[in-house]
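Here is the file model-v2.cif (mmCIF, C-alpha atoms and all ligand atoms).
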```cif
data_coords
#
loop_
_atom_site.group_PDB
_atom_site.id
_atom_site.type_symbol
_atom_site.label_atom_id
_atom_site.label_comp_id
_atom_site.auth_asym_id
_atom_site.auth_seq_id
_atom_site.Cartn_x
_atom_site.Cartn_y
_atom_site.Cartn_z
ATOM 1 C CA MET F 1 -92.394 -29.890 6.269
ATOM 2 C CA ALA F 2 -90.361 -30.073 9.485
ATOM 3 C CA ASP F 3 -91.746 -32.063 12.367
ATOM 4 C CA LEU F 4 -93.586 -29.482 14.471
ATOM 5 C CA ASP F 5 -94.348 -31.783 17.393
ATOM 6 C CA ASP F 6 -93.100 -30.542 20.747
ATOM 7 C CA LEU F 7 -92.038 -27.138 19.396
ATOM 8 C CA ARG F 8 -90.436 -25.503 22.456
ATOM 9 C CA ASP F 9 -90.258 -21.779 23.118
ATOM 10 C CA GLY F 10 -86.696 -20.408 23.231
ATOM 11 C CA ALA F 11 -85.485 -19.756 26.770
ATOM 12 C CA VAL F 12 -81.773 -18.895 26.580
ATOM 13 C CA PHE F 13 -81.631 -15.293 25.352
ATOM 14 C CA GLY F 14 -78.591 -14.190 27.352
ATOM 15 C CA GLU F 15 -80.253 -10.913 28.309
ATOM 16 C CA GLY F 16 -77.670 -8.548 29.696
ATOM 17 C CA VAL F 17 -74.836 -10.204 27.764
ATOM 18 C CA ALA F 18 -73.897 -7.954 24.870
ATOM 19 C CA GLN F 19 -73.393 -9.696 21.527
ATOM 20 C CA LYS F 20 -69.721 -9.535 20.620
ATOM 21 C CA THR F 21 -68.885 -7.556 17.523
ATOM 22 C CA GLU F 22 -65.443 -8.654 16.522
ATOM 23 C CA GLY F 23 -63.121 -6.684 14.313
ATOM 24 C CA PHE F 24 -61.375 -8.504 11.506
ATOM 25 C CA PHE F 25 -57.718 -9.387 11.995
ATOM 26 C CA LEU F 26 -56.412 -8.053 8.703
ATOM 27 C CA LYS F 27 -55.479 -4.499 7.988
ATOM 28 C CA GLY F 28 -58.013 -2.602 5.878
ATOM 29 C CA SER F 29 -60.286 -5.622 5.558
ATOM 30 C CA ASN F 30 -62.917 -4.964 8.197
ATOM 31 C CA ASN F 31 -65.515 -3.689 5.765
ATOM 32 C CA LEU F 32 -65.304 -6.624 3.385
ATOM 33 C CA ASP F 33 -68.264 -8.922 2.901
ATOM 34 C CA TRP F 34 -68.404 -12.318 4.623
ATOM 35 C CA GLY F 35 -67.255 -14.337 1.611
ATOM 36 C CA MET F 36 -64.264 -12.057 1.111
ATOM 37 C CA LYS F 37 -63.319 -12.319 4.765
ATOM 38 C CA ASP F 38 -63.694 -16.078 4.663
ATOM 39 C CA ARG F 39 -61.324 -16.247 1.697
ATOM 40 C CA MET F 40 -58.848 -13.820 3.265
ATOM 41 C CA SER F 41 -58.860 -15.959 6.431
ATOM 42 C CA ARG F 42 -57.995 -18.992 4.355
ATOM 43 C CA ILE F 43 -54.997 -17.197 2.838
ATOM 44 C CA PHE F 44 -53.782 -15.470 6.020
ATOM 45 C CA ASN F 45 -53.587 -17.478 9.228
ATOM 46 C CA PRO F 46 -55.996 -15.755 11.654
ATOM 47 C CA LYS F 47 -53.701 -16.657 14.585
ATOM 48 C CA THR F 48 -50.626 -14.906 13.220
ATOM 49 C CA GLY F 49 -52.174 -12.645 10.584
ATOM 50 C CA LYS F 50 -49.506 -13.880 8.167
ATOM 51 C CA SER F 51 -49.194 -16.111 5.124
ATOM 52 C CA VAL F 52 -46.573 -18.159 3.338
ATOM 53 C CA MET F 53 -47.762 -18.225 -0.237
ATOM 54 C CA LEU F 54 -45.940 -20.533 -2.607
ATOM 55 C CA ALA F 55 -45.696 -18.951 -6.058
ATOM 56 C CA PHE F 56 -45.265 -21.263 -9.036
ATOM 57 C CA ASP F 57 -46.987 -19.267 -11.745
ATOM 58 C CA HIS F 58 -43.684 -18.473 -13.457
ATOM 59 C CA GLY F 59 -44.358 -20.817 -16.374
ATOM 60 C CA PHE F 60 -47.261 -18.717 -17.593
ATOM 61 C CA ILE F 61 -44.825 -16.180 -18.982
ATOM 62 C CA MET F 62 -41.483 -18.037 -18.856
ATOM 63 C CA GLY F 63 -42.349 -21.614 -19.767
ATOM 64 C CA PRO F 64 -40.507 -24.464 -18.003
ATOM 65 C CA THR F 65 -37.933 -22.364 -16.181
ATOM 66 C CA SER F 66 -35.656 -23.868 -13.530
ATOM 67 C CA GLY F 67 -37.617 -25.493 -10.713
ATOM 68 C CA VAL F 68 -40.985 -25.607 -12.454
ATOM 69 C CA GLU F 69 -40.153 -28.007 -15.297
ATOM 70 C CA ARG F 70 -42.103 -30.746 -13.525
ATOM 71 C CA ILE F 71 -44.582 -29.245 -11.090
ATOM 72 C CA ASP F 72 -45.628 -32.753 -10.061
ATOM 73 C CA LEU F 73 -42.090 -33.578 -8.935
ATOM 74 C CA SER F 74 -40.836 -30.251 -7.585
ATOM 75 C CA ILE F 75 -43.870 -28.344 -6.293
ATOM 76 C CA LEU F 76 -46.460 -30.868 -5.151
ATOM 77 C CA PRO F 77 -44.236 -32.161 -2.299
ATOM 78 C CA LEU F 78 -44.078 -28.570 -0.951
ATOM 79 C CA ILE F 79 -47.796 -27.931 -0.895
ATOM 80 C CA GLU F 80 -48.285 -29.245 2.629
ATOM 81 C CA TYR F 81 -45.971 -26.520 4.010
ATOM 82 C CA ALA F 82 -47.626 -23.595 2.204
ATOM 83 C CA ASP F 83 -50.548 -21.541 3.476
ATOM 84 C CA CYS F 84 -51.664 -20.642 -0.039
ATOM 85 C CA LEU F 85 -50.756 -21.642 -3.598
ATOM 86 C CA MET F 86 -50.270 -19.111 -6.360
ATOM 87 C CA CYS F 87 -50.490 -20.550 -9.844
ATOM 88 C CA ALA F 88 -52.194 -20.272 -13.215
ATOM 89 C CA ARG F 89 -55.357 -22.186 -14.012
ATOM 90 C CA GLY F 90 -53.800 -24.653 -16.463
ATOM 91 C CA ILE F 91 -51.378 -25.970 -13.868
ATOM 92 C CA LEU F 92 -54.078 -25.925 -11.206
ATOM 93 C CA ARG F 93 -56.447 -28.052 -13.264
ATOM 94 C CA SER F 94 -53.841 -30.404 -14.672
ATOM 95 C CA LEU F 95 -51.558 -31.047 -11.720
ATOM 96 C CA VAL F 96 -52.665 -29.693 -8.343
ATOM 97 C CA PRO F 97 -54.809 -32.199 -6.447
ATOM 98 C CA PRO F 98 -58.078 -30.594 -5.302
ATOM 99 C CA THR F 99 -57.757 -32.781 -2.204
ATOM 100 C CA SER F 100 -54.775 -30.691 -1.096
ATOM 101 C CA ASN F 101 -57.434 -28.317 0.202
ATOM 102 C CA LYS F 102 -55.215 -25.238 0.036
ATOM 103 C CA PRO F 103 -56.488 -21.770 -0.803
ATOM 104 C CA ILE F 104 -55.586 -20.727 -4.322
ATOM 105 C CA CYS F 105 -54.375 -17.320 -5.388
ATOM 106 C CA LEU F 106 -55.133 -17.659 -9.072
ATOM 107 C CA ARG F 107 -52.955 -15.903 -11.604
ATOM 108 C CA SER F 108 -55.729 -14.067 -13.399
ATOM 109 C CA ASP F 109 -54.065 -12.051 -16.128
ATOM 110 C CA ALA F 110 -52.734 -13.529 -19.321
ATOM 111 C CA GLY F 111 -51.682 -12.527 -22.771
ATOM 112 C CA SER F 112 -47.924 -12.147 -23.043
ATOM 113 C CA THR F 113 -44.683 -14.010 -22.501
ATOM 114 C CA ILE F 114 -41.052 -13.098 -22.013
ATOM 115 C CA LEU F 115 -40.696 -13.434 -25.791
ATOM 116 C CA THR F 116 -42.902 -10.429 -26.521
ATOM 117 C CA GLU F 117 -44.383 -7.438 -24.688
ATOM 118 C CA LEU F 118 -44.665 -8.288 -20.997
ATOM 119 C CA ASN F 119 -47.833 -7.236 -19.144
ATOM 120 C CA ASN F 120 -49.816 -6.633 -22.291
ATOM 121 C CA ASN F 121 -52.457 -8.763 -20.652
ATOM 122 C CA VAL F 122 -56.197 -9.175 -20.234
ATOM 123 C CA ILE F 123 -57.890 -10.732 -17.227
ATOM 124 C CA ILE F 124 -59.493 -14.150 -17.196
ATOM 125 C CA ASP F 125 -63.219 -14.607 -16.651
ATOM 126 C CA VAL F 126 -64.134 -14.293 -12.976
ATOM 127 C CA GLN F 127 -66.593 -17.159 -13.413
ATOM 128 C CA ASP F 128 -63.665 -19.436 -14.084
ATOM 129 C CA ALA F 129 -61.981 -18.192 -10.924
ATOM 130 C CA ALA F 130 -65.225 -18.976 -9.065
ATOM 131 C CA ARG F 131 -65.417 -22.449 -10.654
ATOM 132 C CA LEU F 132 -61.885 -23.085 -9.413
ATOM 133 C CA ASN F 133 -62.897 -21.899 -5.940
ATOM 134 C CA ALA F 134 -60.117 -19.312 -6.044
ATOM 135 C CA SER F 135 -59.489 -17.563 -2.741
ATOM 136 C CA ALA F 136 -57.969 -14.601 -4.582
ATOM 137 C CA MET F 137 -57.247 -13.419 -8.096
ATOM 138 C CA ALA F 138 -53.754 -12.063 -8.792
ATOM 139 C CA VAL F 139 -53.388 -9.351 -11.419
ATOM 140 C CA MET F 140 -50.160 -7.735 -12.578
ATOM 141 C CA VAL F 141 -49.950 -3.937 -12.466
ATOM 142 C CA SER F 142 -47.057 -2.195 -14.164
ATOM 143 C CA VAL F 143 -47.050 1.287 -12.686
ATOM 144 C CA GLY F 144 -44.659 3.552 -14.531
ATOM 145 C CA ASP F 145 -44.467 1.518 -17.712
ATOM 146 C CA GLU F 146 -45.585 3.796 -20.545
ATOM 147 C CA LYS F 147 -46.919 1.038 -22.740
ATOM 148 C CA THR F 148 -48.826 -1.069 -20.238
ATOM 149 C CA GLU F 149 -49.593 1.087 -17.192
ATOM 150 C CA ALA F 150 -53.123 2.100 -18.273
ATOM 151 C CA LEU F 151 -54.036 -1.389 -19.469
ATOM 152 C CA THR F 152 -52.812 -3.130 -16.325
ATOM 153 C CA ILE F 153 -54.459 -0.630 -13.976
ATOM 154 C CA SER F 154 -57.749 -1.069 -15.838
ATOM 155 C CA ASN F 155 -57.231 -4.845 -15.572
ATOM 156 C CA LEU F 156 -56.922 -4.411 -11.820
ATOM 157 C CA TYR F 157 -60.076 -2.390 -11.348
ATOM 158 C CA ASN F 158 -62.048 -4.639 -13.704
ATOM 159 C CA ALA F 159 -60.849 -7.637 -11.696
ATOM 160 C CA VAL F 160 -61.895 -5.876 -8.484
ATOM 161 C CA ASP F 161 -65.388 -5.213 -9.911
ATOM 162 C CA ALA F 162 -65.690 -8.846 -10.975
ATOM 163 C CA GLY F 163 -64.242 -10.110 -7.683
ATOM 164 C CA GLN F 164 -66.731 -8.026 -5.699
ATOM 165 C CA ALA F 165 -69.590 -9.747 -7.502
ATOM 166 C CA TYR F 166 -68.357 -13.158 -6.388
ATOM 167 C CA GLY F 167 -66.705 -12.337 -3.077
ATOM 168 C CA ILE F 168 -63.233 -13.036 -4.434
ATOM 169 C CA PRO F 169 -60.420 -10.748 -3.203
ATOM 170 C CA VAL F 170 -57.914 -9.388 -5.707
ATOM 171 C CA MET F 171 -54.167 -9.228 -5.242
ATOM 172 C CA GLY F 172 -52.401 -6.433 -7.126
ATOM 173 C CA VAL F 173 -48.956 -7.641 -8.190
ATOM 174 C CA THR F 174 -46.553 -4.773 -8.711
ATOM 175 C CA ALA F 175 -44.331 -5.328 -11.727
ATOM 176 C CA VAL F 176 -40.708 -4.403 -11.898
ATOM 177 C CA GLY F 177 -39.440 -3.238 -15.257
ATOM 178 C CA LYS F 178 -36.153 -1.940 -16.556
ATOM 179 C CA SER F 179 -37.419 1.649 -16.429
ATOM 180 C CA MET F 180 -38.645 1.389 -12.832
ATOM 181 C CA ALA F 181 -36.554 2.334 -9.824
ATOM 182 C CA ARG F 182 -36.551 -0.449 -7.239
ATOM 183 C CA ASP F 183 -36.801 1.790 -4.198
ATOM 184 C CA ALA F 184 -39.275 2.536 -1.434
ATOM 185 C CA ARG F 185 -40.612 5.561 -3.268
ATOM 186 C CA TYR F 186 -41.482 3.493 -6.321
ATOM 187 C CA PHE F 187 -42.842 0.457 -4.456
ATOM 188 C CA GLY F 188 -44.759 2.755 -2.094
ATOM 189 C CA LEU F 189 -46.365 4.492 -5.056
ATOM 190 C CA ALA F 190 -47.111 1.269 -6.962
ATOM 191 C CA SER F 191 -48.539 -0.469 -3.875
ATOM 192 C CA ARG F 192 -50.712 2.493 -3.017
ATOM 193 C CA VAL F 193 -52.014 2.702 -6.597
ATOM 194 C CA CYS F 194 -53.028 -0.973 -6.361
ATOM 195 C CA ALA F 195 -54.822 -0.422 -3.051
ATOM 196 C CA GLU F 196 -56.524 2.767 -4.228
ATOM 197 C CA ASN F 197 -57.886 0.873 -7.215
ATOM 198 C CA GLY F 198 -59.382 -1.721 -4.893
ATOM 199 C CA ALA F 199 -56.760 -4.442 -4.455
ATOM 200 C CA ASN F 200 -57.394 -6.357 -1.233
ATOM 201 C CA ILE F 201 -53.803 -7.605 -1.050
ATOM 202 C CA VAL F 202 -50.679 -6.125 -2.622
ATOM 203 C CA LYS F 203 -47.661 -8.091 -3.664
ATOM 204 C CA THR F 204 -44.490 -6.115 -4.013
ATOM 205 C CA TYR F 205 -40.754 -6.324 -3.351
ATOM 206 C CA TYR F 206 -38.790 -5.679 -0.195
ATOM 207 C CA THR F 207 -36.512 -2.682 -0.294
ATOM 208 C CA GLU F 208 -34.703 -0.362 2.096
ATOM 209 C CA GLY F 209 -37.307 1.845 3.817
ATOM 210 C CA PHE F 210 -39.980 -0.832 3.491
ATOM 211 C CA GLU F 211 -41.736 0.351 6.687
ATOM 212 C CA LYS F 212 -42.931 3.363 4.706
ATOM 213 C CA VAL F 213 -44.206 1.185 1.850
ATOM 214 C CA VAL F 214 -46.235 -0.845 4.362
ATOM 215 C CA ALA F 215 -47.397 2.145 6.376
ATOM 216 C CA CYS F 216 -48.967 3.970 3.452
ATOM 217 C CA CYS F 217 -50.615 0.886 1.965
ATOM 218 C CA PRO F 218 -54.016 0.359 3.623
ATOM 219 C CA VAL F 219 -54.246 -3.387 2.873
ATOM 220 C CA PRO F 220 -51.938 -6.355 3.629
ATOM 221 C CA ILE F 221 -48.684 -6.539 1.696
ATOM 222 C CA VAL F 222 -46.820 -9.723 0.824
ATOM 223 C CA ILE F 223 -43.394 -9.746 -0.731
ATOM 224 C CA ALA F 224 -42.111 -11.665 -3.730
ATOM 225 C CA GLY F 225 -38.805 -13.411 -3.253
ATOM 226 C CA GLY F 226 -37.300 -12.369 -6.569
ATOM 227 C CA LYS F 227 -34.224 -14.003 -8.072
ATOM 228 C CA LYS F 228 -32.609 -16.910 -6.242
ATOM 229 C CA LEU F 229 -30.397 -15.836 -3.340
ATOM 230 C CA PRO F 230 -28.282 -17.897 -0.960
ATOM 231 C CA GLU F 231 -30.686 -19.383 1.597
ATOM 232 C CA LEU F 232 -29.522 -17.222 4.527
ATOM 233 C CA ASP F 233 -29.966 -14.068 2.430
ATOM 234 C CA ALA F 234 -33.468 -15.124 1.401
ATOM 235 C CA LEU F 235 -34.378 -15.777 5.037
ATOM 236 C CA GLU F 236 -32.980 -12.356 5.959
ATOM 237 C CA LEU F 237 -35.089 -10.787 3.224
ATOM 238 C CA ALA F 238 -38.224 -12.468 4.576
ATOM 239 C CA TYR F 239 -37.319 -11.501 8.150
ATOM 240 C CA LYS F 240 -36.730 -7.853 7.322
ATOM 241 C CA ALA F 241 -39.997 -7.674 5.383
ATOM 242 C CA ILE F 242 -42.002 -9.233 8.214
ATOM 243 C CA GLN F 243 -40.341 -7.030 10.829
ATOM 244 C CA SER F 244 -41.174 -4.014 8.651
ATOM 245 C CA GLY F 245 -44.853 -4.934 8.726
ATOM 246 C CA ALA F 246 -45.369 -7.254 5.745
ATOM 247 C CA SER F 247 -48.204 -9.742 6.167
ATOM 248 C CA GLY F 248 -46.316 -12.541 4.505
ATOM 249 C CA VAL F 249 -44.325 -13.731 1.552
ATOM 250 C CA ASP F 250 -45.344 -14.974 -1.866
ATOM 251 C CA MET F 251 -42.130 -16.765 -2.737
ATOM 252 C CA GLY F 252 -41.201 -18.871 -5.675
ATOM 253 C CA ARG F 253 -37.620 -19.248 -6.847
ATOM 254 C CA ASN F 254 -36.047 -18.875 -3.412
ATOM 255 C CA VAL F 255 -38.047 -21.924 -2.389
ATOM 256 C CA PHE F 256 -38.226 -24.195 -5.409
ATOM 257 C CA GLN F 257 -34.701 -23.434 -6.681
ATOM 258 C CA SER F 258 -33.214 -24.087 -3.234
ATOM 259 C CA ASP F 259 -31.022 -27.160 -2.698
ATOM 260 C CA ALA F 260 -33.623 -28.342 -0.208
ATOM 261 C CA PRO F 261 -36.992 -26.768 -1.094
ATOM 262 C CA ALA F 262 -39.013 -28.516 1.634
ATOM 263 C CA ALA F 263 -36.523 -27.422 4.294
ATOM 264 C CA MET F 264 -36.473 -23.913 2.887
ATOM 265 C CA ILE F 265 -40.226 -23.380 2.875
ATOM 266 C CA GLN F 266 -40.439 -24.594 6.476
ATOM 267 C CA ALA F 267 -37.665 -22.214 7.520
ATOM 268 C CA VAL F 268 -39.458 -19.362 5.730
ATOM 269 C CA GLY F 269 -42.623 -20.377 7.572
ATOM 270 C CA ALA F 270 -40.844 -20.052 10.926
ATOM 271 C CA VAL F 271 -39.621 -16.558 10.010
ATOM 272 C CA VAL F 272 -43.088 -15.505 8.884
ATOM 273 C CA HIS F 273 -45.251 -17.063 11.583
ATOM 274 C CA GLN F 274 -42.903 -17.243 14.566
ATOM 275 C CA ASP F 275 -40.677 -14.199 14.003
ATOM 276 C CA MET F 276 -37.739 -16.577 13.980
ATOM 277 C CA LYS F 277 -34.432 -14.782 13.427
ATOM 278 C CA PRO F 278 -32.716 -15.517 10.084
ATOM 279 C CA GLU F 279 -29.688 -17.263 11.648
ATOM 280 C CA GLU F 280 -31.919 -19.585 13.641
ATOM 281 C CA ALA F 281 -34.112 -20.233 10.612
ATOM 282 C CA PHE F 282 -30.982 -21.006 8.584
ATOM 283 C CA GLN F 283 -29.965 -23.514 11.248
ATOM 284 C CA MET F 284 -33.449 -25.001 10.994
ATOM 285 C CA TYR F 285 -33.042 -25.177 7.216
ATOM 286 C CA ASN F 286 -29.712 -27.004 7.582
ATOM 287 C CA ASP F 287 -31.104 -29.399 10.193
ATOM 288 C CA LEU F 288 -34.107 -30.251 8.027
ATOM 289 C CA LYS F 289 -31.899 -30.541 4.967
ATOM 290 C CA GLY F 290 -29.632 -32.927 6.804
HETATM 291 C C1 LIG F 301 -44.531 -12.705 -11.207
HETATM 292 C C2 LIG F 301 -45.005 -13.235 -9.929
HETATM 293 C C3 LIG F 301 -44.267 -14.363 -9.323
HETATM 294 O O1 LIG F 301 -45.151 -15.269 -8.787
HETATM 295 C C4 LIG F 301 -43.387 -13.775 -8.289
HETATM 296 O O2 LIG F 301 -42.380 -13.073 -8.892
HETATM 297 C C5 LIG F 301 -42.990 -14.704 -7.162
HETATM 298 O O3 LIG F 301 -41.988 -15.444 -7.450
HETATM 299 P P1 LIG F 301 -40.482 -15.161 -7.038
HETATM 300 O O4 LIG F 301 -40.422 -15.287 -5.547
HETATM 301 O O5 LIG F 301 -39.759 -16.238 -7.770
HETATM 302 O O6 LIG F 301 -40.122 -13.763 -7.473
HETATM 303 O O7 LIG F 301 -45.956 -12.781 -9.376
HETATM 304 O O8 LIG F 301 -45.512 -11.932 -11.759
#
```
Spell out the structure here as structure tokens.
Amino acid sequence: MADLDDLRDGAVFGEGVAQKTEGFFLKGSNNLDWGMKDRMSRIFNPKTGKSVMLAFDHGFIMGPTSGVERIDLSILPLIEYADCLMCARGILRSLVPPTSNKPICLRSDAGSTILTELNNNVIIDVQDAARLNASAMAVMVSVGDEKTEALTISNLYNAVDAGQAYGIPVMGVTAVGKSMARDARYFGLASRVCAENGANIVKTYYTEGFEKVVACCPVPIVIAGGKKLPELDALELAYKAIQSGASGVDMGRNVFQSDAPAAMIQAVGAVVHQDMKPEEAFQMYNDLKG
């Protein structure tokens, strides 16, 4: 029982001062529940509305590909520069220090590798995502792929149902396959399908006409980096995506396969959060590298 001695009547009611009802800073996210908004605000910086997500989930389908052979040596030193970490649960539990205190976008579909049928996946148990304190669950969606389209779209909406129960946002990750055109029409369609099925964030690829992809997607879009490019080209890619309305990047290879990954992720951060021009960011990269 609380001490009830000297219980004072309230006196400061601020009559005449309207209670502020703030909107939420992220596109399409105003009607989310508190826990969802809290997690989204951990992923996206509320001051800039943007995020630099560091993706190192590649091993879950590719094994120890270049740059992720030793996560402890190559990725952990980069964590301090990332706003959010995207990885699979095995790497999270075995190698990522919980004390790093970074929001986690958990790779939440599993079931195939590059050796077999890609995207023939199921989703992991949302309770495990909750145990890991995931800030989002990432689920691959292969729109346009005859064999796996239906399965991956049902994975997405099942993940959204499960995420709703725990307040965990879902990121729809648009796949690129050999049969899929890599243009604004395709990415616009795939991104919209993810959002319509309930994705709170969409990850897709930058392409010519990206403004349209962003405009018709009602939730924040982040772009993947894709295959390794020369650093200036990768910074240009990030710049063009941000200037076209992307809410951030979820980059892997263009960071961890760079000659100077720590310098590169900081330069990407300047492009994303400060609208730094690619040439200036490249200079920053070279200065930090030096
Ligand atoms: C694949 C992914 C990867 O995380 C994604 O492709 C990001 O990495 P990169 O920038 O190397 O393309 O989601 O499903």
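The protein and nucleic acid residues lying at most 6 Å from region 202-210 of chain F are F:Met171, F:Gly172, F:Val173, F:Thr174, F:Asp183, F:Ala184, F:Val213, F:Ile221, F:Val222, F:Ile223, F:Ala224, with only C-alpha atoms considered and sequence neighbours fewer than 3 positions away removed.
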Produce a file of the selected residues containing C-alpha atoms, as an mmCIF file, keeping the file's coordinate frame.
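Below is the file part18.cif, written as the result:
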```cif
data_model
loop_
_atom_site.group_PDB
_atom_site.id
_atom_site.type_symbol
_atom_site.label_atom_id
_atom_site.label_comp_id
_atom_site.auth_asym_id
_atom_site.auth_seq_id
_atom_site.Cartn_x
_atom_site.Cartn_y
_atom_site.Cartn_z
ATOM 1 C CA MET F 171 -54.167 -9.228 -5.242
ATOM 2 C CA GLY F 172 -52.401 -6.433 -7.126
ATOM 3 C CA VAL F 173 -48.956 -7.641 -8.190
ATOM 4 C CA THR F 174 -46.553 -4.773 -8.711
ATOM 5 C CA ASP F 183 -36.801 1.790 -4.198
ATOM 6 C CA ALA F 184 -39.275 2.536 -1.434
ATOM 7 C CA VAL F 213 -44.206 1.185 1.850
ATOM 8 C CA ILE F 221 -48.684 -6.539 1.696
ATOM 9 C CA VAL F 222 -46.820 -9.723 0.824
ATOM 10 C CA ILE F 223 -43.394 -9.746 -0.731
ATOM 11 C CA ALA F 224 -42.111 -11.665 -3.730
#
```
Considering only C-alpha atoms and all ligand atoms, tabulate each residue of chain F that lies at most 10 Å from ligand LIG 301 (chain F) along with its nearest interatomic pair and the corresponding distance in Å to one decimal; arrange the rows by chain and ascending residue number and present them as a Markdown table.
```
| residue | atom | partner | partner_atom | distance |
| --- | --- | --- | --- | --- |
| F:Met53 | CA | F:LIG301 | C5 | 9.1 |
| F:Leu54 | CA | F:LIG301 | C5 | 8.0 |
| F:Ala55 | CA | F:LIG301 | O1 | 4.6 |
| F:Phe56 | CA | F:LIG301 | O1 | 6.0 |
| F:Asp57 | CA | F:LIG301 | O1 | 5.3 |
| F:His58 | CA | F:LIG301 | O1 | 5.9 |
| F:Gly59 | CA | F:LIG301 | O1 | 9.4 |
| F:Phe60 | CA | F:LIG301 | O8 | 9.1 |
| F:Ile61 | CA | F:LIG301 | O8 | 8.4 |
| F:Met62 | CA | F:LIG301 | C1 | 9.8 |
| F:Gly67 | CA | F:LIG301 | O5 | 9.9 |
| F:Leu85 | CA | F:LIG301 | O1 | 9.9 |
| F:Met86 | CA | F:LIG301 | O1 | 6.8 |
| F:Cys87 | CA | F:LIG301 | O1 | 7.6 |
| F:Ala88 | CA | F:LIG301 | O1 | 9.7 |
| F:Arg107 | CA | F:LIG301 | O7 | 8.0 |
| F:Asp109 | CA | F:LIG301 | O8 | 9.6 |
| F:Leu118 | CA | F:LIG301 | O8 | 10.0 |
| F:Asn119 | CA | F:LIG301 | O8 | 9.1 |
| F:Ala138 | CA | F:LIG301 | O7 | 7.9 |
| F:Val139 | CA | F:LIG301 | O8 | 8.3 |
| F:Met140 | CA | F:LIG301 | O8 | 6.3 |
| F:Val141 | CA | F:LIG301 | O8 | 9.2 |
| F:Met171 | CA | F:LIG301 | O7 | 9.9 |
| F:Gly172 | CA | F:LIG301 | O7 | 9.3 |
| F:Val173 | CA | F:LIG301 | O7 | 6.1 |
| F:Thr174 | CA | F:LIG301 | O8 | 7.9 |
| F:Ala175 | CA | F:LIG301 | O8 | 6.7 |
| F:Val176 | CA | F:LIG301 | O8 | 8.9 |
| F:Lys203 | CA | F:LIG301 | O7 | 7.6 |
| F:Thr204 | CA | F:LIG301 | O7 | 8.7 |
| F:Tyr205 | CA | F:LIG301 | O6 | 8.5 |
| F:Ile223 | CA | F:LIG301 | O4 | 7.9 |
| F:Ala224 | CA | F:LIG301 | O4 | 4.4 |
| F:Gly225 | CA | F:LIG301 | O4 | 3.4 |
| F:Gly226 | CA | F:LIG301 | O6 | 3.3 |
| F:Lys227 | CA | F:LIG301 | O6 | 5.9 |
| F:Lys228 | CA | F:LIG301 | O5 | 7.3 |
| F:Ala234 | CA | F:LIG301 | O4 | 9.8 |
| F:Val249 | CA | F:LIG301 | O4 | 8.2 |
| F:Asp250 | CA | F:LIG301 | C5 | 5.8 |
| F:Met251 | CA | F:LIG301 | O4 | 3.6 |
| F:Gly252 | CA | F:LIG301 | O5 | 3.7 |
| F:Arg253 | CA | F:LIG301 | O5 | 3.8 |
| F:Asn254 | CA | F:LIG301 | O4 | 6.0 |
| F:Val255 | CA | F:LIG301 | O4 | 7.7 |
| F:Phe256 | CA | F:LIG301 | O5 | 8.4 |
| F:Gln257 | CA | F:LIG301 | O5 | 8.9 |
```
Name the residues that the PyMOL selection byres (((chain F and resi 236) around 10) and not hetatm) pulls out of this structure, and write them as a short mmCIF file (atom, residue, chain, number, x, y, z; two decimals) with C-alpha atoms, in the coordinates of the input.
```
data_model
loop_
_atom_site.label_atom_id
_atom_site.label_comp_id
_atom_site.auth_asym_id
_atom_site.auth_seq_id
_atom_site.Cartn_x
_atom_site.Cartn_y
_atom_site.Cartn_z
CA GLU F 231 -30.69 -19.38 1.60
CA LEU F 232 -29.52 -17.22 4.53
CA ASP F 233 -29.97 -14.07 2.43
CA ALA F 234 -33.47 -15.12 1.40
CA LEU F 235 -34.38 -15.78 5.04
CA LEU F 237 -35.09 -10.79 3.22
CA ALA F 238 -38.22 -12.47 4.58
CA TYR F 239 -37.32 -11.50 8.15
CA LYS F 240 -36.73 -7.85 7.32
CA ALA F 241 -40.00 -7.67 5.38
CA ILE F 242 -42.00 -9.23 8.21
CA VAL F 268 -39.46 -19.36 5.73
CA VAL F 271 -39.62 -16.56 10.01
CA LYS F 277 -34.43 -14.78 13.43
CA PRO F 278 -32.72 -15.52 10.08
CA GLU F 279 -29.69 -17.26 11.65
CA ALA F 281 -34.11 -20.23 10.61
CA PHE F 282 -30.98 -21.01 8.58
#
```
Please provide the set of residues having any atom within 9 Å of Trp34 (chain F), restricted to only C-alpha atoms, with same-chain residues fewer than 4 positions apart removed, written as number ranges by chain. F: 38-39, 167
When you draw a straight line from CA of Tyr81 (chain F) to CA of Leu229 (chain F), how long is it in Å?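 Result for CA of Tyr81 (chain F) versus CA of Leu229 (chain F): 20.3 Å, one decimal.
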Write out as JSON, numbers by chain each polymer residue whose atoms come within 12 Å of Val96 (chain F), counting only C-alpha atoms; drop sequence neighbours fewer than 5 positions from it. {"F": [56, 70, 71, 72, 73, 74, 75, 76, 77, 78, 79, 80, 85, 86, 87, 88, 89, 90, 91, 101, 102, 103, 104, 132]}
